[in-house]
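J.: This is upload.txt (compact mmCIF, C-alpha atoms).
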```
# COMPACT_ATOMS: atom_id res chain seq x y z
CA MET A 26 6.14 6.75 -8.50
CA ASN A 27 5.42 3.04 -8.74
CA THR A 28 5.94 1.96 -5.13
CA SER A 29 5.54 -1.72 -6.01
CA GLU A 30 8.93 -1.41 -7.70
CA HIS A 31 10.37 0.74 -4.91
CA GLU A 32 12.65 -1.21 -2.60
CA HIS A 33 12.10 0.94 0.48
CA VAL A 34 8.59 1.86 1.61
CA ILE A 35 9.94 4.12 4.38
CA GLU A 36 12.91 6.41 3.75
CA VAL A 37 14.22 8.76 6.43
CA THR A 38 17.13 11.08 5.67
CA ASP A 39 18.75 13.44 8.20
CA LEU A 40 15.40 13.78 9.97
CA ARG A 41 15.05 16.43 12.70
CA ARG A 42 12.23 17.44 15.04
CA VAL A 43 12.35 20.51 17.25
CA TYR A 44 9.76 21.46 19.86
CA GLY A 45 8.92 24.90 21.25
CA GLY A 46 11.77 26.39 23.21
CA GLY A 47 14.31 24.86 20.84
CA PHE A 48 14.39 21.33 22.28
CA GLU A 49 15.70 19.02 19.54
CA ALA A 50 14.05 15.64 20.08
CA VAL A 51 15.27 14.08 16.81
CA ARG A 52 18.75 15.10 15.73
CA GLY A 53 19.39 14.10 12.14
CA ILE A 54 18.62 10.38 11.84
CA THR A 55 18.72 8.28 8.67
CA PHE A 56 17.24 4.82 8.10
CA SER A 57 14.98 2.93 5.72
CA VAL A 58 12.45 0.10 5.87
CA ALA A 59 12.11 -2.35 2.99
CA ARG A 60 8.90 -3.81 1.65
CA GLY A 61 7.97 -6.91 3.62
CA GLU A 62 10.32 -6.10 6.51
CA ILE A 63 9.83 -5.76 10.27
CA PHE A 64 11.89 -2.83 11.56
CA ALA A 65 12.10 -2.14 15.31
CA LEU A 66 12.81 1.30 16.74
CA LEU A 67 14.22 1.04 20.26
CA GLY A 68 15.50 3.56 22.76
CA THR A 69 15.66 4.79 26.32
CA ASN A 70 13.14 7.22 27.80
CA GLY A 71 13.19 10.45 25.82
CA ALA A 72 15.29 8.91 23.04
CA GLY A 73 13.01 10.27 20.31
CA LYS A 74 11.09 7.16 19.23
CA THR A 75 7.61 8.62 19.58
CA SER A 76 8.71 11.89 18.00
CA THR A 77 10.10 9.97 15.03
CA VAL A 78 7.06 7.74 14.56
CA GLU A 79 4.72 10.73 14.63
CA LEU A 80 6.69 12.26 11.75
CA LEU A 81 6.41 9.00 9.79
CA GLU A 82 2.68 8.92 10.42
CA GLY A 83 2.33 12.47 9.09
CA LEU A 84 1.14 13.97 12.38
CA ALA A 85 3.73 16.76 12.24
CA ARG A 86 6.08 18.42 9.78
CA PRO A 87 9.82 17.77 10.27
CA ALA A 88 12.05 20.65 11.32
CA GLY A 89 14.61 19.38 8.84
CA GLY A 90 15.53 16.42 6.68
CA ARG A 91 13.28 14.27 4.57
CA VAL A 92 10.79 11.46 5.17
CA ARG A 93 8.95 9.42 2.56
CA VAL A 94 6.36 6.70 3.13
CA LEU A 95 5.31 4.74 0.04
CA GLY A 96 7.10 7.39 -2.01
CA HIS A 97 5.12 10.31 -0.55
CA ASP A 98 5.61 13.00 2.06
CA PRO A 99 3.29 11.68 4.84
CA TYR A 100 2.52 15.21 6.09
CA ALA A 101 2.11 17.16 2.84
CA GLU A 102 0.57 14.23 0.95
CA ARG A 103 -1.38 12.67 3.80
CA ALA A 104 -4.35 11.79 1.59
CA ALA A 105 -2.12 9.61 -0.59
CA VAL A 106 -0.47 7.83 2.36
CA ARG A 107 -3.09 7.40 5.07
CA PRO A 108 -5.40 4.91 3.26
CA ARG A 109 -2.42 2.57 2.72
CA THR A 110 -1.14 2.58 6.29
CA GLY A 111 -2.38 1.16 9.58
CA VAL A 112 -1.58 2.61 12.99
CA MET A 113 -1.79 0.86 16.36
CA LEU A 114 -1.36 3.42 19.11
CA GLN A 115 -0.41 2.67 22.72
CA GLU A 116 -3.98 3.53 23.74
CA GLY A 117 -6.95 3.49 21.37
CA GLY A 118 -9.39 5.50 23.51
CA PHE A 119 -12.53 3.77 22.20
CA PRO A 120 -16.06 4.55 23.49
CA SER A 121 -16.45 2.24 26.46
CA GLU A 122 -20.18 1.55 25.95
CA LEU A 123 -19.83 0.22 22.40
CA THR A 124 -19.39 -3.50 21.85
CA VAL A 125 -16.31 -4.89 20.14
CA ALA A 126 -18.27 -5.46 16.91
CA GLU A 127 -19.80 -1.97 17.03
CA THR A 128 -16.37 -0.42 17.56
CA ALA A 129 -14.94 -2.30 14.59
CA ARG A 130 -17.95 -1.37 12.44
CA MET A 131 -17.64 2.31 13.40
CA TRP A 132 -13.93 2.31 12.59
CA ALA A 133 -14.50 0.49 9.30
CA GLY A 134 -16.74 3.38 8.22
CA CYS A 135 -13.66 5.64 8.33
CA VAL A 136 -11.43 3.29 6.32
CA SER A 137 -11.31 3.02 2.53
CA GLY A 138 -11.93 -0.52 1.32
CA ALA A 139 -12.22 -1.96 4.84
CA ARG A 140 -12.33 -5.71 5.14
CA PRO A 141 -15.29 -7.23 7.07
CA GLU A 142 -15.01 -6.53 10.79
CA GLY A 143 -15.67 -10.18 11.60
CA GLU A 144 -12.61 -11.14 9.60
CA VAL A 145 -10.21 -8.92 11.54
CA LEU A 146 -11.74 -9.87 14.88
CA GLU A 147 -11.19 -13.52 14.00
CA LEU A 148 -7.64 -12.69 12.98
CA VAL A 149 -6.75 -11.28 16.41
CA GLY A 150 -8.72 -13.83 18.43
CA LEU A 151 -11.64 -11.58 19.40
CA ALA A 152 -14.44 -13.21 17.42
CA GLY A 153 -15.88 -14.67 20.62
CA LYS A 154 -15.93 -11.22 22.23
CA SER A 155 -17.82 -9.39 19.47
CA GLY A 156 -20.86 -8.70 21.67
CA VAL A 157 -18.85 -7.62 24.73
CA ARG A 158 -18.65 -3.92 25.61
CA VAL A 159 -15.22 -2.34 25.35
CA LYS A 160 -15.25 -1.41 29.05
CA GLN A 161 -15.54 -5.10 29.95
CA LEU A 162 -12.43 -6.12 28.02
CA SER A 163 -9.16 -6.88 29.77
CA GLY A 164 -6.11 -4.77 28.98
CA GLY A 165 -4.76 -7.48 26.70
CA GLU A 166 -8.08 -7.78 24.85
CA ARG A 167 -8.11 -4.03 24.28
CA ARG A 168 -4.65 -4.30 22.72
CA ARG A 169 -6.01 -6.98 20.39
CA LEU A 170 -8.87 -4.67 19.44
CA ASP A 171 -6.35 -1.89 18.74
CA LEU A 172 -4.51 -4.25 16.40
CA ALA A 173 -7.71 -5.39 14.68
CA LEU A 174 -8.65 -1.81 13.82
CA ALA A 175 -5.16 -1.11 12.48
CA LEU A 176 -5.61 -4.06 10.10
CA LEU A 177 -9.06 -3.13 8.76
CA GLY A 178 -7.68 -1.46 5.64
CA GLU A 179 -5.20 -4.24 4.81
CA PRO A 180 -2.32 -1.75 5.14
CA GLU A 181 0.87 -1.89 3.12
CA VAL A 182 2.70 -0.21 6.01
CA LEU A 183 1.79 -0.96 9.61
CA PHE A 184 2.94 1.13 12.59
CA LEU A 185 2.82 -0.81 15.86
CA ASP A 186 3.44 1.15 19.06
CA GLU A 187 4.05 -1.27 21.97
CA PRO A 188 1.70 -3.89 20.45
CA THR A 189 1.91 -6.56 23.17
CA THR A 190 1.74 -4.43 26.32
CA GLY A 191 -0.77 -6.05 28.67
CA LEU A 192 -0.85 -9.39 26.84
CA ASP A 193 -0.09 -12.65 28.59
CA ALA A 194 2.64 -14.95 27.25
CA GLU A 195 0.25 -16.84 24.96
CA GLY A 196 -1.29 -13.64 23.61
CA ARG A 197 2.18 -12.21 22.97
CA ARG A 198 3.24 -15.29 21.01
CA ASP A 199 0.00 -15.23 18.99
CA THR A 200 0.60 -11.56 18.13
CA TRP A 201 4.17 -12.32 17.08
CA GLU A 202 2.93 -15.03 14.73
CA LEU A 203 0.31 -12.69 13.29
CA VAL A 204 2.90 -9.95 12.68
CA ARG A 205 5.28 -12.45 11.05
CA GLY A 206 2.44 -13.59 8.80
CA LEU A 207 1.72 -10.01 7.76
CA ARG A 208 5.41 -9.51 6.99
CA ASP A 209 5.53 -12.70 4.93
CA ALA A 210 2.51 -11.47 2.96
CA GLY A 211 4.37 -8.28 2.04
CA THR A 212 3.33 -5.80 4.74
CA SER A 213 6.11 -3.56 6.06
CA VAL A 214 6.01 -3.17 9.83
CA LEU A 215 7.61 -0.46 11.94
CA LEU A 216 7.56 -1.58 15.56
CA THR A 217 8.33 0.15 18.83
CA THR A 218 8.58 -2.02 21.93
CA HIS A 219 10.14 -2.04 25.36
CA TYR A 220 10.32 -5.85 25.27
CA LEU A 221 13.82 -6.42 23.90
CA GLU A 222 13.11 -10.14 23.53
CA GLU A 223 10.24 -9.13 21.23
CA ALA A 224 12.48 -6.95 19.09
CA GLU A 225 15.16 -9.65 18.96
CA GLY A 226 12.68 -12.33 17.92
CA LEU A 227 10.57 -10.29 15.49
CA ALA A 228 12.71 -7.63 13.83
CA ASP A 229 14.59 -8.21 10.60
CA ARG A 230 16.52 -5.02 11.38
CA LEU A 231 16.44 -2.44 14.14
CA ALA A 232 17.80 0.91 15.24
CA ILE A 233 18.58 1.98 18.80
CA LEU A 234 17.95 5.66 19.46
CA HIS A 235 19.64 7.61 22.23
CA GLU A 236 19.08 11.31 22.83
CA GLY A 237 17.62 11.82 19.36
CA ARG A 238 20.40 10.04 17.44
CA ILE A 239 20.87 6.49 16.16
CA ALA A 240 23.44 4.85 18.42
CA ALA A 241 23.39 1.48 16.59
CA ALA A 242 21.56 -0.11 13.66
CA GLY A 243 21.51 -3.38 11.75
CA THR A 244 20.12 -6.86 12.17
CA PRO A 245 19.71 -8.04 15.79
CA ALA A 246 22.71 -10.33 15.24
CA GLU A 247 24.84 -7.46 13.93
CA VAL A 248 23.96 -5.21 16.85
CA THR A 249 24.62 -7.89 19.47
CA ALA A 250 27.84 -9.00 17.77
CA ALA A 251 29.32 -5.59 18.50
CA GLN A 252 29.11 -6.37 22.23
CA PRO A 253 31.39 -8.84 24.09
CA SER A 254 30.24 -12.39 24.76
CA ARG A 255 30.48 -13.95 28.24
CA ILE A 256 32.06 -17.03 29.76
CA SER A 257 31.51 -17.81 33.43
CA PHE A 258 32.58 -20.77 35.56
CA GLU A 259 33.71 -21.76 39.03
CA LEU A 260 37.45 -22.06 39.61
CA PRO A 261 38.47 -25.65 40.37
CA GLU A 262 39.43 -26.36 43.98
CA GLY A 263 43.03 -25.32 44.63
CA TYR A 264 43.23 -23.11 41.54
CA PHE A 265 43.35 -19.33 41.25
CA LEU A 266 42.85 -16.86 38.42
CA GLY A 267 46.59 -16.74 37.78
CA ASP A 268 46.61 -20.48 37.11
CA LEU A 269 44.50 -20.03 34.01
CA PRO A 270 46.12 -19.45 30.62
CA PRO A 271 47.01 -15.74 30.15
CA LEU A 272 43.75 -13.90 29.56
CA ALA A 273 45.22 -12.09 26.56
CA GLU A 274 45.89 -15.46 24.91
CA LEU A 275 42.27 -16.40 25.54
CA GLY A 276 41.15 -13.26 23.74
CA VAL A 277 39.57 -11.89 26.90
CA SER A 278 38.88 -8.15 27.00
CA GLY A 279 37.74 -7.97 30.63
CA HIS A 280 37.03 -10.12 33.65
CA GLU A 281 35.42 -10.20 37.09
CA VAL A 282 35.99 -12.53 40.03
CA ASP A 283 33.25 -13.08 42.63
CA GLY A 284 34.55 -15.52 45.22
CA ARG A 285 35.31 -18.67 43.21
CA VAL A 286 33.22 -17.58 40.20
CA VAL A 287 35.08 -16.09 37.24
CA ARG A 288 33.33 -14.08 34.52
CA LEU A 289 35.19 -13.36 31.31
CA ARG A 290 34.22 -10.97 28.50
CA THR A 291 35.44 -11.62 24.99
CA ARG A 292 34.80 -10.71 21.37
CA GLN A 293 36.37 -14.00 20.28
CA LEU A 294 33.97 -16.43 21.94
CA GLN A 295 34.89 -19.60 20.06
CA GLN A 296 38.64 -19.05 20.49
CA ALA A 297 38.36 -18.23 24.21
CA ALA A 298 36.01 -21.12 25.00
CA THR A 299 38.09 -23.63 23.04
CA ARG A 300 41.39 -22.65 24.69
CA LEU A 301 39.82 -22.63 28.13
CA LEU A 302 38.37 -26.12 27.64
CA VAL A 303 41.66 -27.45 26.26
CA TRP A 304 43.43 -26.10 29.37
CA ALA A 305 40.84 -27.74 31.66
CA GLU A 306 41.21 -31.06 29.82
CA ARG A 307 44.98 -31.01 30.10
CA ALA A 308 44.82 -30.00 33.77
CA GLY A 309 42.29 -32.75 34.45
CA VAL A 310 39.83 -30.39 36.12
CA GLU A 311 36.12 -29.68 35.76
CA LEU A 312 34.85 -26.14 35.21
CA ARG A 313 31.65 -26.31 37.22
CA GLY A 314 28.80 -23.97 36.35
CA LEU A 315 30.30 -23.34 32.91
CA ASP A 316 28.13 -20.88 30.98
CA VAL A 317 29.13 -19.71 27.51
CA ARG A 318 26.89 -17.28 25.67
CA SER A 319 26.82 -14.48 23.12
CA ALA A 320 25.56 -11.08 24.16
CA SER A 321 21.79 -10.68 24.16
CA LEU A 322 20.03 -7.69 22.63
CA GLU A 323 19.32 -6.52 26.18
CA GLU A 324 23.04 -6.51 27.00
CA ALA A 325 23.82 -4.78 23.71
CA PHE A 326 21.11 -2.19 24.36
CA LEU A 327 22.39 -1.42 27.84
CA GLY A 328 25.99 -1.34 26.65
CA ILE A 329 25.19 1.06 23.82
CA ALA A 330 23.05 3.32 25.99
CA ARG A 331 25.66 3.29 28.77
CA GLU A 332 28.45 4.14 26.36
CA ALA A 333 26.43 6.90 24.70
CA SER A 334 25.44 8.44 28.03
CA GLY A 335 28.88 8.09 29.57
CA GLY A 336 27.40 6.50 32.68
CA SER A 337 24.95 3.95 33.97
CA VAL A 338 21.59 3.22 32.37
CA ASP A 339 18.73 1.60 34.26
CA ALA A 340 17.10 -1.37 32.52
CA LYS A 341 13.71 0.21 33.25
CA GLU A 342 14.50 2.94 30.71
CA TYR A 343 13.54 0.81 27.70
CA VAL A 344 10.19 2.48 27.14
CA ALA A 345 9.70 5.65 25.11
```
Let me see the structure of the file written as structure tokens.
T.:
Amino acid sequence: MNTSEHEHVIEVTDLRRVYGGGFEAVRGITFSVARGEIFALLGTNGAGKTSTVELLEGLARPAGGRVRVLGHDPYAERAAVRPRTGVMLQEGGFPSELTVAETARMWAGCVSGARPEGEVLELVGLAGKSGVRVKQLSGGERRRLDLALALLGEPEVLFLDEPTTGLDAEGRRDTWELVRGLRDAGTSVLLTTHYLEEAEGLADRLAILHEGRIAAAGTPAEVTAAQPSRISFELPEGYFLGDLPPLAELGVSGHEVDGRVVRLRTRQLQQAATRLLVWAERAGVELRGLDVRSASLEEAFLGIAREASGGSVDAKEYVA
């Protein structure tokens, strides 16, 4: 198969993974990743992200369904897939006594057609640390080294597992720019992250897993658009909730009142905000603390997970 002419470099169809004892960690999921696309896989604890990524990397055979990476079965045809992919794990586990340059050189010896180690170290901002032992690196610097080694073979498909954990704000932004540059050069990136801001800013498309199934998928805008937007403001002095235009006419699907502060939820943000402001203008009042915003990916994530679980979901459950 000529993968250069193949639209999707990752194809997953009805994929299942079952562990000993019959626990089904992945329950028939389907998605694809296009060439030159960043795809984020999100989910609560135990959602099945790691189990799915391991199948894509060819570390295990699926219990059912089909997975193809660059047109090949990554488990049965590992030799055809592995040289064309890069993997950044959550923890590299490198020998602590080796220097950064020695670690890169050792890893390059295991990679077909590896680019010069100095080049990748420069790429991730570690050129100045080449003589430093791994044990002396900060957590963020170790993450940069993990990324450098994943890029040694100039992969067509790059798997990034929590790539910016431990990085400061500047390091995170630099990594985002690097990943965007790889995408623009044609590399396909599958990303897992517990930073929802990262997924929202980086991913072209994403899927949210919950209990082994895909609860939502699409572009970040499509996923967030499925959740209600919010309008909040302080009631003018002498006014009460009943003095506002009927909430149904505003297109409001729900509301909360906390003292004088009103919070409205709506799927018709422009209509609701416009009618509310027209009412305030005609009444000659000011809506202090007015805040109008679409749902964020974090709100969409929590809403989807809460709906799928039939209860509350803690925001700390982002990680796999």
J.: At what distance in Å, to one decimal, does CA of Ala241 (chain A) lie from CA of Leu95 (chain A)?
T.: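 We find that CA of Leu95 (chain A) and CA of Ala241 (chain A) lie 24.7 Å from each other.
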J.: A:Ile35, A:Glu274, A:Thr55, A:Glu144: which is nearest Val106 (chain A), counting only C-alpha atoms?
T.: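 With only C-alpha atoms as the atom set, the closest residue is A:Ile35.
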J.: Using Å and a single decimal, report how far CA of Leu185 (chain A) sits from CA of Lys160 (chain A).
T.: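 About the pair CA of Lys160 (chain A) and CA of Leu185 (chain A): they are 22.4 Å apart.
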J.: Give the answer as one residue: which of A:Arg60, A:Lys154, A:His97, A:Arg292 has the shortest atom-to-atom distance to Val182 (chain A), using all atoms listed in the file?
T.: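 Once distances to Val182 (chain A) are computed over all atoms listed in the file, the minimum belongs to A:Arg60.
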J.: Need to verify the contact set: Leu84 (chain A), 7 Å, only C-alpha atoms, exclusion of same-chain residues closer than 3 positions in sequence. Can you return it as a PyMOL selection string?
T.: chain A and resi 79-80+100
J.: Could you give me, as a list in words, the residues within 6 Å of region 232-239 of chain A, counting all atoms listed in the file and dropping anything in the same chain fewer than 6 positions from it?
T.: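 These residues fall inside the cut-off: Ala50, Val51, Arg52, Ile54, Leu66, Leu67, Gly68, Ala72 and Gly73 of chain A.
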J.: Could you name the residues that touch Ser163 (chain A) at 10 Å or less, counting all atoms listed in the file, but leaving out those on the same chain fewer than 4 positions away, as a list in words?
T.: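 What passes the distance filter is Val159, Arg167, Arg168, Arg169, Gly191 and Leu192 of chain A.
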J.: CA of Gly150 (chain A) and CA of Ser121 (chain A), how far apart in Å?
T.: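 Taking CA of Ser121 (chain A) as the start and CA of Gly150 (chain A) as the end point, the length is 19.6 Å.
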J.: For Thr128 (chain A), please output as a VMD selection string all residues within 10 Å (counting all atoms listed in the file; exclusion window: fewer than 4 positions along the same chain).
T.: chain A and resid 119 to 124 132 to 133 142 155 158 to 159 170 174
J.: Hey, what's within 12 Å of Arg107 (chain A) if we count only C-alpha atoms and toss same-chain stuff fewer than 3 positions away? As a list in words, please?
T.: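 Within the cut-off, the hits are Leu81, Glu82, Gly83, Leu84, Val94, Leu95, His97, Asp98, Pro99, Tyr100, Ala101, Glu102, Arg103, Ala104, Thr110, Gly111, Val112, Cys135, Val136, Ser137, Ala175, Gly178, Glu179, Pro180, Glu181, Val182, Leu183 and Phe184 of chain A.
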J.: Could you take the residues named above and write them with C-alpha atoms, as a CSV table (one decimal), in the frame of the given file?
T.:
```
chain,number,residue,atom,x,y,z
A,81,LEU,CA,6.4,9.0,9.8
A,82,GLU,CA,2.7,8.9,10.4
A,83,GLY,CA,2.3,12.5,9.1
A,84,LEU,CA,1.1,14.0,12.4
A,94,VAL,CA,6.4,6.7,3.1
A,95,LEU,CA,5.3,4.7,0.0
A,97,HIS,CA,5.1,10.3,-0.6
A,98,ASP,CA,5.6,13.0,2.1
A,99,PRO,CA,3.3,11.7,4.8
A,100,TYR,CA,2.5,15.2,6.1
A,101,ALA,CA,2.1,17.2,2.8
A,102,GLU,CA,0.6,14.2,1.0
A,103,ARG,CA,-1.4,12.7,3.8
A,104,ALA,CA,-4.4,11.8,1.6
A,110,THR,CA,-1.1,2.6,6.3
A,111,GLY,CA,-2.4,1.2,9.6
A,112,VAL,CA,-1.6,2.6,13.0
A,135,CYS,CA,-13.7,5.6,8.3
A,136,VAL,CA,-11.4,3.3,6.3
A,137,SER,CA,-11.3,3.0,2.5
A,175,ALA,CA,-5.2,-1.1,12.5
A,178,GLY,CA,-7.7,-1.5,5.6
A,179,GLU,CA,-5.2,-4.2,4.8
A,180,PRO,CA,-2.3,-1.8,5.1
A,181,GLU,CA,0.9,-1.9,3.1
A,182,VAL,CA,2.7,-0.2,6.0
A,183,LEU,CA,1.8,-1.0,9.6
A,184,PHE,CA,2.9,1.1,12.6
```
